[in-house]
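> Okay, so here is protein_37.txt, and as you'll see once you scroll down, it has compact mmCIF, C-alpha atoms and all ligand atoms.
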```txt
# COMPACT_ATOMS: atom_id res chain seq x y z
CA MET A 1 -0.12 165.52 151.52
CA ASN A 2 -3.01 165.75 153.93
CA GLN A 3 -6.44 165.81 152.27
CA VAL A 4 -7.47 169.16 153.76
CA LEU A 5 -4.35 170.84 152.32
CA GLU A 6 -4.84 169.20 148.94
CA GLU A 7 -8.41 170.40 148.72
CA ALA A 8 -7.74 174.04 149.70
CA PRO A 9 -8.20 176.27 146.60
CA ALA A 10 -4.89 177.88 145.70
CA GLU A 11 -6.27 181.43 145.88
CA GLN A 12 -7.60 181.01 149.43
CA SER A 13 -5.67 181.02 152.68
CA LEU A 14 -5.96 178.02 154.98
CA VAL A 15 -6.02 180.55 157.80
CA PRO A 16 -8.01 183.57 156.57
CA ASN A 17 -7.90 186.59 158.89
CA LEU A 18 -5.02 185.19 160.97
CA LEU A 19 -3.10 188.39 160.21
CA LYS A 20 -6.05 190.78 159.91
CA GLY A 21 -5.18 194.26 161.19
CA LYS A 22 -1.43 193.52 160.96
CA THR A 23 1.06 195.35 158.76
CA GLY A 24 4.17 194.08 157.03
CA LEU A 25 7.07 195.30 154.89
CA VAL A 26 8.49 192.96 152.24
CA LEU A 27 12.02 193.55 150.94
CA GLY A 28 13.27 191.46 148.01
CA VAL A 29 10.60 191.14 145.33
CA ALA A 30 12.20 191.27 141.88
CA ASN A 31 9.59 189.37 139.85
CA LYS A 32 6.80 186.79 140.18
CA TRP A 33 9.32 183.99 140.80
CA SER A 34 10.86 185.74 143.83
CA ILE A 35 10.50 183.91 147.13
CA ALA A 36 9.52 187.28 148.64
CA TRP A 37 6.52 187.39 146.29
CA ALA A 38 5.36 183.91 147.39
CA ILE A 39 5.67 185.07 151.00
CA ALA A 40 3.73 188.27 150.25
CA GLN A 41 0.91 186.23 148.73
CA SER A 42 0.65 183.98 151.81
CA LEU A 43 0.67 186.98 154.18
CA SER A 44 -1.82 188.94 152.10
CA LYS A 45 -4.26 186.00 151.85
CA ALA A 46 -4.16 185.78 155.66
CA GLY A 47 -5.26 189.44 155.86
CA MET A 48 -1.98 191.32 156.40
CA ARG A 49 -1.65 194.82 154.92
CA LEU A 50 1.65 194.97 153.02
CA ALA A 51 4.17 197.46 151.66
CA PHE A 52 7.07 196.59 149.34
CA THR A 53 10.51 197.84 148.43
CA TYR A 54 12.16 197.63 145.04
CA GLN A 55 15.85 197.80 144.22
CA GLY A 56 16.30 200.60 141.70
CA GLU A 57 14.10 201.94 138.93
CA ARG A 58 14.72 198.86 136.77
CA LEU A 59 12.56 196.75 139.10
CA GLN A 60 9.97 199.36 140.04
CA LYS A 61 7.53 198.44 137.26
CA ASN A 62 7.69 194.68 138.08
CA VAL A 63 7.08 195.21 141.78
CA SER A 64 4.36 197.78 141.14
CA SER A 65 2.37 195.49 138.81
CA LEU A 66 2.62 192.59 141.29
CA ALA A 67 1.65 194.79 144.27
CA GLU A 68 -1.41 196.08 142.37
CA THR A 69 -2.81 192.54 142.29
CA LEU A 70 -3.12 192.66 146.11
CA GLY A 71 -5.46 195.64 146.01
CA PRO A 72 -5.36 199.43 145.91
CA ASP A 73 -3.03 201.56 148.03
CA VAL A 74 -0.12 199.17 148.48
CA PRO A 75 2.85 201.44 149.26
CA LEU A 76 6.12 200.94 147.34
CA TYR A 77 9.46 202.42 148.32
CA PRO A 78 12.88 202.38 146.68
CA CYS A 79 15.63 200.71 148.71
CA ASP A 80 19.09 199.62 147.73
CA VAL A 81 20.55 198.23 150.96
CA THR A 82 24.10 199.25 150.04
CA ASP A 83 22.99 202.84 150.76
CA GLU A 84 22.35 203.36 154.48
CA GLN A 85 20.53 206.62 153.81
CA GLN A 86 18.03 204.74 151.61
CA ILE A 87 17.36 202.33 154.50
CA LYS A 88 16.75 205.25 156.89
CA ASP A 89 14.53 207.04 154.34
CA LEU A 90 12.59 203.80 153.76
CA PHE A 91 11.53 203.53 157.39
CA LYS A 92 10.69 207.25 157.55
CA SER A 93 8.30 206.67 154.63
CA VAL A 94 6.84 203.54 156.24
CA ALA A 95 6.23 205.54 159.44
CA ASN A 96 4.25 208.09 157.38
CA ASP A 97 2.05 205.44 155.76
CA PHE A 98 1.60 202.93 158.62
CA ASP A 99 1.28 203.63 162.35
CA GLY A 100 3.65 200.76 163.10
CA LEU A 101 4.97 197.49 161.68
CA ASP A 102 4.20 193.94 162.81
CA CYS A 103 6.48 192.19 160.37
CA VAL A 104 9.49 192.61 158.11
CA ILE A 105 10.46 190.08 155.44
CA HIS A 106 14.15 190.28 154.45
CA SER A 107 14.57 188.22 151.28
CA MET A 108 17.67 189.65 149.61
CA ALA A 109 21.10 188.44 148.65
CA PHE A 110 23.71 189.21 146.04
CA ALA A 111 27.13 188.00 144.90
CA LYS A 112 28.87 188.54 141.61
CA ARG A 113 28.36 185.71 139.13
CA GLU A 114 32.11 185.06 138.91
CA GLU A 115 32.24 184.41 142.68
CA LEU A 116 29.59 181.66 142.35
CA ALA A 117 31.66 179.29 140.22
CA GLY A 118 34.93 177.43 140.67
CA GLU A 119 37.07 177.55 143.80
CA PHE A 120 36.19 179.59 146.91
CA LEU A 121 39.94 180.10 147.20
CA ASN A 122 39.75 182.65 144.39
CA THR A 123 37.19 184.90 146.10
CA SER A 124 38.14 188.57 145.69
CA LYS A 125 38.13 190.92 148.67
CA GLU A 126 35.64 193.17 146.87
CA GLY A 127 33.34 190.23 146.04
CA TYR A 128 33.54 188.92 149.61
CA LEU A 129 32.65 192.28 151.15
CA MET A 130 29.85 192.90 148.66
CA ALA A 131 28.20 189.53 149.42
CA GLN A 132 28.48 190.17 153.16
CA GLU A 133 27.12 193.71 152.93
CA ILE A 134 24.03 192.92 150.86
CA SER A 135 23.28 189.38 152.03
CA ALA A 136 24.16 189.51 155.74
CA TYR A 137 24.86 192.98 157.17
CA SER A 138 21.70 194.46 155.62
CA LEU A 139 19.59 192.38 158.02
CA THR A 140 21.08 194.14 161.04
CA ALA A 141 20.73 197.58 159.43
CA VAL A 142 17.08 196.88 158.55
CA CYS A 143 16.28 195.55 162.04
CA ARG A 144 17.75 198.68 163.67
CA GLU A 145 15.58 201.01 161.60
CA ALA A 146 12.45 198.83 161.91
CA LEU A 147 12.73 198.71 165.71
CA PRO A 148 10.80 201.91 166.65
CA LEU A 149 7.96 200.96 164.29
CA MET A 150 7.69 197.49 165.83
CA GLU A 151 7.89 198.90 169.35
CA ASN A 152 4.87 201.07 168.42
CA ARG A 153 2.94 197.82 167.97
CA GLY A 154 4.23 196.22 171.16
CA GLY A 155 6.44 193.75 169.27
CA GLY A 156 6.78 192.04 165.91
CA SER A 157 8.33 189.30 163.82
CA ILE A 158 11.20 189.43 161.31
CA VAL A 159 11.94 186.66 158.82
CA THR A 160 15.01 186.26 156.61
CA LEU A 161 15.97 183.69 153.97
CA THR A 162 18.98 181.42 154.09
CA TYR A 163 20.28 178.27 152.38
CA TYR A 164 21.96 174.97 153.34
CA GLY A 165 25.19 176.22 151.70
CA GLY A 166 25.66 178.36 154.85
CA GLU A 167 25.96 175.17 156.96
CA LYS A 168 27.73 172.73 154.62
CA VAL A 169 29.88 173.06 151.54
CA VAL A 170 27.75 173.13 148.38
CA PRO A 171 29.63 173.29 145.05
CA ASN A 172 29.90 176.84 143.63
CA TYR A 173 27.86 178.47 146.44
CA ASN A 174 31.20 179.74 147.78
CA VAL A 175 31.12 183.34 149.01
CA MET A 176 27.34 183.21 149.42
CA GLY A 177 27.70 180.23 151.78
CA VAL A 178 29.99 182.30 153.99
CA ALA A 179 27.51 185.22 153.85
CA LYS A 180 24.62 182.89 154.81
CA ALA A 181 26.64 181.57 157.79
CA ALA A 182 27.05 185.21 158.92
CA LEU A 183 23.34 185.84 158.31
CA GLU A 184 22.29 182.83 160.41
CA MET A 185 24.54 183.88 163.29
CA SER A 186 23.21 187.45 162.97
CA VAL A 187 19.70 186.02 163.46
CA ARG A 188 20.82 184.53 166.82
CA TYR A 189 22.51 187.70 168.08
CA LEU A 190 19.58 189.83 166.92
CA ALA A 191 17.12 187.46 168.61
CA GLU A 192 18.91 188.08 171.91
CA ASP A 193 18.80 191.87 171.47
CA LEU A 194 15.24 192.07 170.17
CA GLY A 195 13.63 189.46 172.44
CA PRO A 196 13.19 191.77 175.46
CA ARG A 197 11.25 194.12 173.12
CA ASN A 198 8.92 191.26 172.18
CA ILE A 199 10.36 191.16 168.65
CA ARG A 200 11.12 187.73 167.23
CA ILE A 201 13.50 186.97 164.36
CA ASN A 202 13.91 183.70 162.49
CA ALA A 203 15.39 182.40 159.25
CA ILE A 204 13.87 180.02 156.74
CA SER A 205 16.44 177.76 155.09
CA ALA A 206 14.72 177.10 151.78
CA GLY A 207 15.53 174.28 149.40
CA PRO A 208 16.58 175.27 145.87
CA ILE A 209 13.94 177.20 143.89
CA LYS A 210 14.37 178.52 140.36
CA THR A 211 14.65 182.32 140.74
CA LEU A 212 16.75 185.14 139.34
CA ALA A 213 19.21 184.92 142.26
CA ALA A 214 19.48 181.11 141.97
CA SER A 215 20.31 181.36 138.27
CA GLY A 216 23.56 183.11 139.25
CA VAL A 217 24.86 179.95 140.99
CA SER A 218 26.80 177.79 138.55
CA GLY A 219 25.32 174.27 138.17
CA PHE A 220 22.08 175.19 139.99
CA SER A 221 20.05 172.56 138.10
CA ASN A 222 22.37 169.82 139.46
CA ILE A 223 21.46 170.93 142.99
CA THR A 224 17.74 170.48 142.28
CA GLU A 225 18.37 167.03 140.74
CA VAL A 226 20.31 165.84 143.83
CA MET A 227 17.57 167.21 146.07
CA LYS A 228 14.86 165.28 144.20
CA GLU A 229 16.85 162.09 144.53
CA LYS A 230 17.97 162.41 148.16
CA ALA A 231 15.47 164.50 150.14
CA PRO A 232 13.19 162.38 152.37
CA LEU A 233 10.16 163.73 150.50
CA ARG A 234 11.90 162.85 147.17
CA ARG A 235 11.00 166.14 145.55
CA ASN A 236 11.91 169.80 145.32
CA ILE A 237 9.96 172.42 147.22
CA GLU A 238 7.68 175.17 145.91
CA ALA A 239 7.98 178.84 146.76
CA ALA A 240 4.42 178.75 148.18
CA GLU A 241 5.65 176.29 150.85
CA VAL A 242 8.20 178.86 151.96
CA GLY A 243 5.42 181.48 151.87
CA ASP A 244 3.22 179.49 154.22
CA THR A 245 6.13 178.85 156.61
CA ALA A 246 6.78 182.59 156.71
CA LEU A 247 3.09 183.07 157.49
CA PHE A 248 3.51 180.71 160.48
CA LEU A 249 6.65 182.53 161.66
CA VAL A 250 4.96 185.92 161.41
CA SER A 251 1.77 184.80 163.13
CA PRO A 252 1.07 184.26 166.84
CA LEU A 253 1.13 180.49 166.16
CA SER A 254 4.94 180.69 166.42
CA ARG A 255 5.01 183.09 169.40
CA GLY A 256 7.48 180.91 171.36
CA ILE A 257 10.03 180.69 168.52
CA THR A 258 12.96 183.06 167.95
CA GLY A 259 16.58 182.79 166.79
CA GLU A 260 15.64 179.67 164.82
CA VAL A 261 16.69 178.46 161.38
CA LEU A 262 13.75 176.48 160.07
CA HIS A 263 14.42 174.23 157.06
CA VAL A 264 11.82 174.11 154.30
CA ASP A 265 13.74 171.71 152.11
CA ALA A 266 11.73 168.48 151.90
CA GLY A 267 13.99 167.24 154.74
CA TYR A 268 17.22 167.33 152.69
CA HIS A 269 19.38 168.72 155.54
CA ILE A 270 18.91 165.65 157.77
CA LYS A 271 20.56 163.32 155.27
CA GLY A 272 24.07 162.05 155.93
CA PHE A 273 24.22 159.98 152.76
P1 LIG B 1 15.36 186.94 143.69
O1 LIG B 1 16.41 187.26 142.67
O2 LIG B 1 13.97 186.89 143.22
O3 LIG B 1 15.45 187.90 144.93
C1 LIG B 1 16.67 188.48 145.36
C2 LIG B 1 16.34 189.91 145.73
O4 LIG B 1 17.49 190.55 146.29
C3 LIG B 1 15.90 190.75 144.50
O5 LIG B 1 14.63 191.30 144.74
C4 LIG B 1 16.95 191.83 144.45
O6 LIG B 1 16.43 193.07 143.99
C5 LIG B 1 17.39 191.90 145.90
N1 LIG B 1 18.67 192.60 146.05
C6 LIG B 1 19.88 192.24 145.58
N2 LIG B 1 20.78 193.21 145.86
C7 LIG B 1 20.11 194.19 146.53
C8 LIG B 1 20.46 195.46 147.06
N3 LIG B 1 21.71 195.93 146.97
N4 LIG B 1 19.51 196.19 147.68
C9 LIG B 1 18.23 195.75 147.78
N5 LIG B 1 17.82 194.56 147.27
C10 LIG B 1 18.77 193.79 146.66
O7 LIG B 1 15.81 185.52 144.28
P2 LIG B 1 15.27 184.66 145.51
O8 LIG B 1 15.78 183.28 145.25
O9 LIG B 1 13.85 184.91 145.73
O10 LIG B 1 16.13 185.23 146.73
C11 LIG B 1 15.54 185.70 147.92
C12 LIG B 1 16.32 185.18 149.12
O11 LIG B 1 16.13 183.77 149.22
C13 LIG B 1 17.84 185.38 149.05
O12 LIG B 1 18.31 185.70 150.35
C14 LIG B 1 18.33 184.02 148.65
O13 LIG B 1 19.68 183.79 149.01
C15 LIG B 1 17.38 183.16 149.44
N6 LIG B 1 17.31 181.75 149.05
C16 LIG B 1 17.05 181.41 147.77
C17 LIG B 1 16.99 180.06 147.42
C18 LIG B 1 16.73 179.65 146.02
O14 LIG B 1 17.03 178.49 145.67
N7 LIG B 1 16.18 180.50 145.17
C19 LIG B 1 17.20 179.07 148.40
C20 LIG B 1 17.44 179.47 149.72
C21 LIG B 1 17.50 180.81 150.04
```
Kindly present the structure from the file in structure tokens form.


Amino acid sequence: MNQVLEEAPAEQSLVPNLLKGKTGLVLGVANKWSIAWAIAQSLSKAGMRLAFTYQGERLQKNVSSLAETLGPDVPLYPCDVTDEQQIKDLFKSVANDFDGLDCVIHSMAFAKREELAGEFLNTSKEGYLMAQEISAYSLTAVCREALPLMENRGGGSIVTLTYYGGEKVVPNYNVMGVAKAALEMSVRYLAEDLGPRNIRINAISAGPIKTLAASGVSGFSNITEVMKEKAPLRRNIEAAEVGDTALFLVSPLSRGITGEVLHVDAGYHIKGF
């Protein structure tokens, strides 16, 4: 690692004030291990004012205690993306609290545990549709509702999270791999629709990180072992590295980039052996 990066204190941003005066909404924090939380920390350190959603009352306390660490007056809203009314209500509430939105982070996915083990062949129709609805379709629904708030700011940037299992077959990833393929293609179609409004949308394809969602994938620790052995950087990645890439994608530094799937995986995806 470059010396400047190594010497930067963890609590400070390398680019303070890059996002000063900007506002963002983060969907997908469940706990302190969530990738969405690492992204929120990177954005907040760069000066962005944030709001968060939580999925159901069970997670409200977790998200609230994390959000409090960023300062006073961080808005929190309930949002289960399987309920379209909740998505509409969410953006009505955001419009009341913020005069517009510069960024949306979509960091959500779900499949039933039994669909993330064994043969893809045994995927149930219900399990297939549920994975698609929460992990892929929700991005389009969220973009549609976020649009007027981003247009108020003259444009914006949306970032979603994907995984290599949406490009290549990864054992047990199964129905989620198919949902990620749909998500990545959604990013391209959405980029075409949103581009004329000066709204960019990109996906980060993150390497495996130990989180609640990852623990649902059977044999997850094998995936991290293979990664450490084969990735060009010969290591796994940290959530903070995904956070800083999201910061880049949200900032004007990436203003020429949209419809892209950017791998933050220590280079694993380039390997053919
Ligand atoms: P996580 O469990 O911390 O986050 C998943 C989030 O999805 C949770 O906050 C959960 O509340 C939310 N969610 C699930 N169903 C929902 C619903 N119906 N409505 C609203 N929210 C819902 O796990 P994570 O690993 O941080 O996952 C975040 C994203 O990163 C996911 O898209 C995941 O597929 C992706 N990703 C994870 C890894 C990894 O190895 N952890 C790698 C690549 C991509």

> Check every protein, DNA and RNA residue against ligand LIG 1 (chain B), keep those with an atom at most 7 Å away (counting all atoms listed in the file), and present them as a PDB file with C-alpha atoms, in the frame of the given file.


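Okay, result.pdb is ready:
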```pdb
ATOM      1  CA  LEU A  27      12.020 193.550 150.940  1.00  0.00           C
ATOM      2  CA  GLY A  28      13.270 191.460 148.010  1.00  0.00           C
ATOM      3  CA  VAL A  29      10.600 191.140 145.330  1.00  0.00           C
ATOM      4  CA  ALA A  30      12.200 191.270 141.880  1.00  0.00           C
ATOM      5  CA  ASN A  31       9.590 189.370 139.850  1.00  0.00           C
ATOM      6  CA  TRP A  33       9.320 183.990 140.800  1.00  0.00           C
ATOM      7  CA  SER A  34      10.860 185.740 143.830  1.00  0.00           C
ATOM      8  CA  ILE A  35      10.500 183.910 147.130  1.00  0.00           C
ATOM      9  CA  ALA A  36       9.520 187.280 148.640  1.00  0.00           C
ATOM     10  CA  TYR A  54      12.160 197.630 145.040  1.00  0.00           C
ATOM     11  CA  GLN A  55      15.850 197.800 144.220  1.00  0.00           C
ATOM     12  CA  CYS A  79      15.630 200.710 148.710  1.00  0.00           C
ATOM     13  CA  ASP A  80      19.090 199.620 147.730  1.00  0.00           C
ATOM     14  CA  VAL A  81      20.550 198.230 150.960  1.00  0.00           C
ATOM     15  CA  THR A  82      24.100 199.250 150.040  1.00  0.00           C
ATOM     16  CA  SER A 107      14.570 188.220 151.280  1.00  0.00           C
ATOM     17  CA  MET A 108      17.670 189.650 149.610  1.00  0.00           C
ATOM     18  CA  ALA A 109      21.100 188.440 148.650  1.00  0.00           C
ATOM     19  CA  PHE A 110      23.710 189.210 146.040  1.00  0.00           C
ATOM     20  CA  ILE A 134      24.030 192.920 150.860  1.00  0.00           C
ATOM     21  CA  SER A 135      23.280 189.380 152.030  1.00  0.00           C
ATOM     22  CA  LEU A 161      15.970 183.690 153.970  1.00  0.00           C
ATOM     23  CA  THR A 162      18.980 181.420 154.090  1.00  0.00           C
ATOM     24  CA  TYR A 163      20.280 178.270 152.380  1.00  0.00           C
ATOM     25  CA  SER A 205      16.440 177.760 155.090  1.00  0.00           C
ATOM     26  CA  ALA A 206      14.720 177.100 151.780  1.00  0.00           C
ATOM     27  CA  GLY A 207      15.530 174.280 149.400  1.00  0.00           C
ATOM     28  CA  PRO A 208      16.580 175.270 145.870  1.00  0.00           C
ATOM     29  CA  ILE A 209      13.940 177.200 143.890  1.00  0.00           C
ATOM     30  CA  LYS A 210      14.370 178.520 140.360  1.00  0.00           C
ATOM     31  CA  THR A 211      14.650 182.320 140.740  1.00  0.00           C
ATOM     32  CA  LEU A 212      16.750 185.140 139.340  1.00  0.00           C
ATOM     33  CA  ALA A 213      19.210 184.920 142.260  1.00  0.00           C
ATOM     34  CA  ALA A 214      19.480 181.110 141.970  1.00  0.00           C
TER      35      ALA A 214
END
```

> Skip stretch 64-67 of chain A itself and residues of its chain fewer than 3 positions away, then list as an MDAnalysis selection string all residues within 10 Å of it, counting all atoms listed in the file.

chainID A and resid 29:32 37 40:41 50:54 59:61 70:77

> So what do you get for atom CA of A:Asn236 versus atom CA of A:Ile201, distance-wise?

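So the two atoms, atom CA of A:Asn236 and atom CA of A:Ile201, lie 25.7 Å apart.
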
> Please compute the atom CA of A:Tyr173-atom CA of A:Thr160 distance, one decimal, in Å.

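Going from atom CA of A:Tyr173 over to atom CA of A:Thr160 covers 18.1 Å.
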
> Measure the distance from atom CA of A:Ile257 to atom CA of A:Gly177 in Å and round it to one decimal.

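Taking atom CA of A:Ile257 and atom CA of A:Gly177, their separation equals 24.3 Å.
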
> In terms of the shortest atom-to-atom distance over only C-alpha atoms, which of A:Gly219, A:Pro16, A:Gly56, A:Gly154 is closest to A:Gly100?

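Closest to A:Gly100 of all the choices is A:Gly154.
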
> From the options A:Asn152, A:Thr69, A:Asn172, A:Ser124, which residue's atoms come nearest to A:Asn222, counting all atoms listed in the file?

A:Asn172

> Could you check which of A:Ala146, A:Val217, A:Ala182, A:Ala266 is closest to A:Glu115, using only C-alpha atoms?

A:Val217

> Restricting the calculation to only C-alpha atoms, which member of A:Arg153, A:Lys88, A:Arg255, A:Lys230 is positioned closest to A:Gly267?

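Of all the options, A:Lys230 lies closest to A:Gly267.
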
> Which is closer to A:Leu149 than all the others in A:Ser44, A:Thr23, A:Thr123, A:Gln86, using only C-alpha atoms?

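Between A:Ser44, A:Thr23, A:Thr123, A:Gln86, the residue approaching A:Leu149 most closely is A:Thr23.
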
> Using only C-alpha atoms, can you list as an MDAnalysis selection string the residues within 12 Å of (8.3, 206.2, 159.6)?

chainID A and resid 25 77 87:101 145:150 152

> What would the file look like if the residues just selected were written as a PDB file, keeping the file's coordinate frame with C-alpha atoms?


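Result file follows (selection19.pdb):
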```
ATOM      1  CA  LEU A  25       7.070 195.300 154.890  1.00  0.00           C
ATOM      2  CA  TYR A  77       9.460 202.420 148.320  1.00  0.00           C
ATOM      3  CA  ILE A  87      17.360 202.330 154.500  1.00  0.00           C
ATOM      4  CA  LYS A  88      16.750 205.250 156.890  1.00  0.00           C
ATOM      5  CA  ASP A  89      14.530 207.040 154.340  1.00  0.00           C
ATOM      6  CA  LEU A  90      12.590 203.800 153.760  1.00  0.00           C
ATOM      7  CA  PHE A  91      11.530 203.530 157.390  1.00  0.00           C
ATOM      8  CA  LYS A  92      10.690 207.250 157.550  1.00  0.00           C
ATOM      9  CA  SER A  93       8.300 206.670 154.630  1.00  0.00           C
ATOM     10  CA  VAL A  94       6.840 203.540 156.240  1.00  0.00           C
ATOM     11  CA  ALA A  95       6.230 205.540 159.440  1.00  0.00           C
ATOM     12  CA  ASN A  96       4.250 208.090 157.380  1.00  0.00           C
ATOM     13  CA  ASP A  97       2.050 205.440 155.760  1.00  0.00           C
ATOM     14  CA  PHE A  98       1.600 202.930 158.620  1.00  0.00           C
ATOM     15  CA  ASP A  99       1.280 203.630 162.350  1.00  0.00           C
ATOM     16  CA  GLY A 100       3.650 200.760 163.100  1.00  0.00           C
ATOM     17  CA  LEU A 101       4.970 197.490 161.680  1.00  0.00           C
ATOM     18  CA  GLU A 145      15.580 201.010 161.600  1.00  0.00           C
ATOM     19  CA  ALA A 146      12.450 198.830 161.910  1.00  0.00           C
ATOM     20  CA  LEU A 147      12.730 198.710 165.710  1.00  0.00           C
ATOM     21  CA  PRO A 148      10.800 201.910 166.650  1.00  0.00           C
ATOM     22  CA  LEU A 149       7.960 200.960 164.290  1.00  0.00           C
ATOM     23  CA  MET A 150       7.690 197.490 165.830  1.00  0.00           C
ATOM     24  CA  ASN A 152       4.870 201.070 168.420  1.00  0.00           C
TER      25      ASN A 152
END
```

> For a quick check of understanding, using only C-alpha atoms, which of A:Phe120, A:Arg58, A:Ile158, A:Ala131 has the smallest distance to A:Ala191?

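Of all the options, A:Ile158 lies closest to A:Ala191.
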
> Enumerate, as a ChimeraX atom specification, the protein, DNA and RNA residues whose atoms approach (23.7, 181.3, 157.9) to within 12 Å, taking into account all atoms listed in the file and the coordinate frame of the file.

/A:109,132,135-137,139,160-168,175-188,202-206,259-263

> I need the chosen residues saved as a PDB file, in the frame of the given file, with C-alpha atoms.


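Result file is part04.pdb:
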```pdb
ATOM      1  CA  ALA A 109      21.100 188.440 148.650  1.00  0.00           C
ATOM      2  CA  GLN A 132      28.480 190.170 153.160  1.00  0.00           C
ATOM      3  CA  SER A 135      23.280 189.380 152.030  1.00  0.00           C
ATOM      4  CA  ALA A 136      24.160 189.510 155.740  1.00  0.00           C
ATOM      5  CA  TYR A 137      24.860 192.980 157.170  1.00  0.00           C
ATOM      6  CA  LEU A 139      19.590 192.380 158.020  1.00  0.00           C
ATOM      7  CA  THR A 160      15.010 186.260 156.610  1.00  0.00           C
ATOM      8  CA  LEU A 161      15.970 183.690 153.970  1.00  0.00           C
ATOM      9  CA  THR A 162      18.980 181.420 154.090  1.00  0.00           C
ATOM     10  CA  TYR A 163      20.280 178.270 152.380  1.00  0.00           C
ATOM     11  CA  TYR A 164      21.960 174.970 153.340  1.00  0.00           C
ATOM     12  CA  GLY A 165      25.190 176.220 151.700  1.00  0.00           C
ATOM     13  CA  GLY A 166      25.660 178.360 154.850  1.00  0.00           C
ATOM     14  CA  GLU A 167      25.960 175.170 156.960  1.00  0.00           C
ATOM     15  CA  LYS A 168      27.730 172.730 154.620  1.00  0.00           C
ATOM     16  CA  VAL A 175      31.120 183.340 149.010  1.00  0.00           C
ATOM     17  CA  MET A 176      27.340 183.210 149.420  1.00  0.00           C
ATOM     18  CA  GLY A 177      27.700 180.230 151.780  1.00  0.00           C
ATOM     19  CA  VAL A 178      29.990 182.300 153.990  1.00  0.00           C
ATOM     20  CA  ALA A 179      27.510 185.220 153.850  1.00  0.00           C
ATOM     21  CA  LYS A 180      24.620 182.890 154.810  1.00  0.00           C
ATOM     22  CA  ALA A 181      26.640 181.570 157.790  1.00  0.00           C
ATOM     23  CA  ALA A 182      27.050 185.210 158.920  1.00  0.00           C
ATOM     24  CA  LEU A 183      23.340 185.840 158.310  1.00  0.00           C
ATOM     25  CA  GLU A 184      22.290 182.830 160.410  1.00  0.00           C
ATOM     26  CA  MET A 185      24.540 183.880 163.290  1.00  0.00           C
ATOM     27  CA  SER A 186      23.210 187.450 162.970  1.00  0.00           C
ATOM     28  CA  VAL A 187      19.700 186.020 163.460  1.00  0.00           C
ATOM     29  CA  ARG A 188      20.820 184.530 166.820  1.00  0.00           C
ATOM     30  CA  ASN A 202      13.910 183.700 162.490  1.00  0.00           C
ATOM     31  CA  ALA A 203      15.390 182.400 159.250  1.00  0.00           C
ATOM     32  CA  ILE A 204      13.870 180.020 156.740  1.00  0.00           C
ATOM     33  CA  SER A 205      16.440 177.760 155.090  1.00  0.00           C
ATOM     34  CA  ALA A 206      14.720 177.100 151.780  1.00  0.00           C
ATOM     35  CA  GLY A 259      16.580 182.790 166.790  1.00  0.00           C
ATOM     36  CA  GLU A 260      15.640 179.670 164.820  1.00  0.00           C
ATOM     37  CA  VAL A 261      16.690 178.460 161.380  1.00  0.00           C
ATOM     38  CA  LEU A 262      13.750 176.480 160.070  1.00  0.00           C
ATOM     39  CA  HIS A 263      14.420 174.230 157.060  1.00  0.00           C
TER      40      HIS A 263
END
```

> Please identify all polymer residues within 12 Å of A:Glu151, counting only C-alpha atoms, omitting same-chain residues fewer than 4 positions from it, and present them as a PyMOL selection string.

chain A and resi 99-103+143-147+155-157+194-200

> Based on the selection just made, write C-alpha atoms of those residues as a compact mmCIF listing (two decimals), in the frame of the given file.


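To be explicit, this is the file written out as result20.txt:
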```
# COMPACT_ATOMS: atom_id res chain seq x y z
CA ASP A 99 1.28 203.63 162.35
CA GLY A 100 3.65 200.76 163.10
CA LEU A 101 4.97 197.49 161.68
CA ASP A 102 4.20 193.94 162.81
CA CYS A 103 6.48 192.19 160.37
CA CYS A 143 16.28 195.55 162.04
CA ARG A 144 17.75 198.68 163.67
CA GLU A 145 15.58 201.01 161.60
CA ALA A 146 12.45 198.83 161.91
CA LEU A 147 12.73 198.71 165.71
CA GLY A 155 6.44 193.75 169.27
CA GLY A 156 6.78 192.04 165.91
CA SER A 157 8.33 189.30 163.82
CA LEU A 194 15.24 192.07 170.17
CA GLY A 195 13.63 189.46 172.44
CA PRO A 196 13.19 191.77 175.46
CA ARG A 197 11.25 194.12 173.12
CA ASN A 198 8.92 191.26 172.18
CA ILE A 199 10.36 191.16 168.65
CA ARG A 200 11.12 187.73 167.23
```
